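Below is one structure, written out as structure tokens; the observations come after it.
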Amino acid sequence: MIRWFRHLFLGVFIGLLGVIVHLSPADLLLEEKFGLYWLFQLRGAVTAPKNVVVVAIDQPSATQLDLPVTPRLWPRDLHAQLIEQLTQAGARIIVFDLIFDTPSAVPAHDERLAYSMKMAGNVVLVERLVYENAAPHADPTGQEHSYFIKEGPIPLLPIIVDAIKAQAPFPLPKAARVNDYWIFKADAGDIPTIPAVVLQIFALPVYDDFIRLLRNVNPAYAAGLPVDKDTLDIEDLVLTLRSLFINEPLIAQSLQAELNRDASLSPVEKHIIQALLSLYSGSDTRYLNFYGPPRSIETVPYYQVLQRNKNSIAEKQLQWMDFKDKVIFVGFSAATQPEQDIVRDDYHTVFSNADGLYISGVEIAATAFANLLENKPIRPFPLMDSLAILFLWGFGLGSIFMLLSNWSAVIVSMILIFCYVGSAYYYFKEAGIWLPLVNPVFLQMPMALFGAVLLKYYEAKRERQQLKEAFGYFLPERIVNDIARNAGSIARNNQLVYGTCLATDAEMYTALAEKMEPRQLSQLMNEYYAVLFEPVRQHNGTVSDVVGDAMLAIWAAASVNTDLRKKACQACLDIAEAVERFNRTANRPQLPTRMGLHFGEMMLGNIGAIHHYEYRAVGDIVNTSNRIQGVNKYLGTRLLVSSEVVTGLDEFLTRPLGDFLLVGKSSPVNLSELIAVKESASQQQLWLCDAFARALHAYQIQQWVEACNGFSEILDVIPDDGPAQYFLKLCRQNKWIPPSDSWNPMIRIENK
């Protein structure tokens with residue numbers, strides 16, 4: 001192969017590789033998960049628009065008003081007072097991220113709320129979308145029927161609907177991290193969402209100018225639109241304009257040209273009309289341009305708005321200016337992580353705090369509207385332009401690296417990465433343009449380096465050691481070679497990490513080992529461990545140690561990571577299911593397995609001395625997970641986890657069991673039984689957890705009769721339920737003891 005052809009081949013290959021990967025769904029997932037996250041972290045927090053404010057239902061407000069923090073329990077006449085205060089302060093639009101689809105306990109409160117909304121004339125409500133089965137549909141033969149599932153809003157109270165300006169849903173994608181939202185929800189009949197509806201209301205002052213521009217472009221475009229902006233139906237207007245822009249794809253360009261020529265409009269008016277054009281001509285989904293961590297948008301506690309009339313006239317006038325001509329979003333927004341755990345209306349985003357505080361739903365709605373109003377969403381670089389950049393980038397990398405020495409190629413690659421990432425950062429910060437990052441930096445660049453080194457190796461016929469030296473910068477074998485050359489470095493190769501630790505133990509192993517021949521026992525244990533290892537591997541865990549019938553597995557990362565705990569829990573459930581299948585196999589001894597799962601800090605690395613080292617996890621969580629596993633023997637359970645593992649993992653069904661002081665421990669550990677994934681849990685499992693929680697609570701507050709009755713009720717349905725049997729025995733032992741303030745419900749485990 002001619003040398004120049006090798007250079008051309010590598011450049012074309014790397015360019016096409018980037019193009020093909022970019023067209024795959026996996027690339028978008030990686031860019032969203034990593035590329036978008038890194039760009040936001042590089043950019044940092046920015047100033048949110050001053051004309052968007054969140055009035056937060058939060059713990060300070062609940063405390064000041066002597067109310068529970070749960071929004072649905074707040075009296076609706078309080079919301080009426082809030083509307084009156086905001087209206088008096090000059091708020092332009094008031095958006096409630098609260099659902100008013102059922103009557104309140106006090107009908108007068110609904111009437112006052114409706115009256116306040118009617119008087120304000122600018123209130124928009126969020127409505128909830130639900131899925132429902134449509135009528136059956138027969139096929140042409142009349143033999144089979146199909147059922148369609150449609151998505152639609154739950155109707156609000158009629159008295160409320162008659163009083164508000166508009167209503168719309170604000171659903172968010174069900175994903176591990178929220179990156180985008182819907183402008184129009186196709187599954188629900190192309191219904192507009194809250195940001196679109198609120199922007200259209202905000203733009204009503206320029207509605208006449210917008211209609212005039214439409215007439216200038218084509219009189220037919222404006223013919224079907226209402227003339228009187230004071231009586232129009234907002235939802236119908238949005239849907240009509242949406243249909244117009246879909247049916248006339250070139251209308252946005254024509255309106256943009258007409259807008260640029262119009263000299264009668266002020267810059268502010270032009271900006272609002274430009275925002276409308278972007279709204280109706282863009283895609284159904286938009287990426288959120290987050291302004292920063294939770295409460296980056298100006299947030300005012302609910303109670304402070306209500307207490308304005310208690311301030312002096314001067315203070316009141318000053319505060320009213322804060323809301324004049326602003327769009328106010330009202331909803332639950334926690335200021336601390338404990339509040340967030342009480343009312344779960346929070347979403348993991350690129351700016352979720354390390355302490356577990358996520359951005360609330362109402363703040364995401366306010367962010368989406370602010371993005372539309374500023375006309376500054378995050379815009380992925382156009383597909384064809386991205387493909388062109390990736391091909392040229394890959395072609396250039398392959399060609400340049402073939403001309404340079406290996407060391408020079410490494411240095412140039414660092415410079416090019418710096419330049420590319422710097423450019424991506426600049427466009428992201430200044431214009432909200434999202435350039436591909438993961439593909440060019442972490443795929444094309446290493447592949448170009450790898451390919452250049454490989455081709456030059458065959459071209460120059462260098463010795464194998466030279467190839468290893470060149471590849472040493474990129475391949476992990478270099479670490480293995482270093483260890484082989486210098487074993488003394490092993491002891492220093494340790495890392496403090498956060499991890500989830502799983503300890504397992506098989507029952508009846510000792511008896512089996514005594515009765516079975518070593519060859520048969522070895523074959524049985526190999527088959528048993530194959531059952532245990534596979535779920536650990538599938539969920540990205542590592543088997544750290546195996547001794548006899550016990551296994552230790554770990555999931556570790558350098559920082560606190562919810563995914564670690566989630567994967568570990570799923571692996572445990574899969575192991576339990578796999579062991580159950582294993583034990584049902586005929587002609588094979590059974591090995592019922594107990595599991596204990598704990599989360600915390602641990603040291604990972606090579607432990608040993610002189611000439612023998614082993615890669616192990618070291619720390620209290622290793623010992624504690626084994627102690628937790630041992631508690632199964634007392635409770636008759638199979639899978640116990642600590643609260644450190646399951647806190648915040650709402651997708652799993654767990655049965656809280658209380659605090660246990662384990663053998664050799666000075667601090668108690670709160671334990672729960674991990675039962676199933678909530679979505680697949682049976683009705684009996686759900687009932688069991690609910691009934692047990694009530695009985696356990698009665699036990700913990702020394703209501704012995706109620707506790708005994710509760711645990712007995714469980715045993716009537718599930719006679720072999722171990723925890724119910726255990727706690728019923730404790731209740732019967734304590735029922736003659738009168739309640740005492742010094743009593744501690746913590747349970748001591750005396751033996752391993």
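We label chains A, B, ... in the order they appear in the structure tokens, count residues from 1 in each chain, and number ligands from 1 in the order shown.
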Counting only C-alpha atoms, give me one row per residue of range 171-218 of chain A with an atom at most 8 Å from an atom of range 261-274 of chain A, showing the shortest contact pair and its distance in Å to one decimal, sorted by chain then residue number, as a Markdown table.
| residue | atom | partner | partner_atom | distance |
| --- | --- | --- | --- | --- |
| A:Ala203 | CA | A:Ile272 | CA | 6.3 |
| A:Val206 | CA | A:Glu269 | CA | 6.6 |
| A:Phe210 | CA | A:Ile273 | CA | 6.8 |
Any idea what's packed within 9 Å of range 412-423 of chain A, counting only C-alpha atoms, ignoring anything in its chain fewer than 2 positions away? Could you give it as number ranges by chain? A: 39, 397, 401, 404, 407-410, 425-428, 435, 437, 440-441, 445-446, 449
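Minimum atom-to-atom distances from A:Pro301, A:Thr87, A:Gln200, A:Ser386 to Leu232 in chain A were compared using only C-alpha atoms, and the lowest value belongs to A:Gln200.
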With 6 Å as the cut-off and only C-alpha atoms counted, what is the closest atom pair between each nearby residue of range 271-380 of chain A and range 163-180 of chain A? Distances in Å to one decimal, ordered by chain and number, as JSON lines.
{"residue": "A:Arg286", "atom": "CA", "partner": "A:Asp180", "partner_atom": "CA", "distance": 5.4}
{"residue": "A:Tyr287", "atom": "CA", "partner": "A:Asp180", "partner_atom": "CA", "distance": 4.1}
{"residue": "A:Leu288", "atom": "CA", "partner": "A:Asp180", "partner_atom": "CA", "distance": 5.2}
{"residue": "A:His348", "atom": "CA", "partner": "A:Arg177", "partner_atom": "CA", "distance": 4.9}
{"residue": "A:Thr349", "atom": "CA", "partner": "A:Arg177", "partner_atom": "CA", "distance": 5.2}
Using only C-alpha atoms, pick whichever of A:Val531, A:Pro436, A:Leu387, A:Leu688 has the shortest atom-to-atom distance to Leu715 in chain A.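 Checking each of A:Val531, A:Pro436, A:Leu387, A:Leu688 against Leu715 in chain A, counting only C-alpha atoms, the winner is A:Leu688.
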Would you work out the distance separating CA of Gln684 in chain A from CA of Arg581 in chain A, expressed in Å to one decimal? 21.4 Å
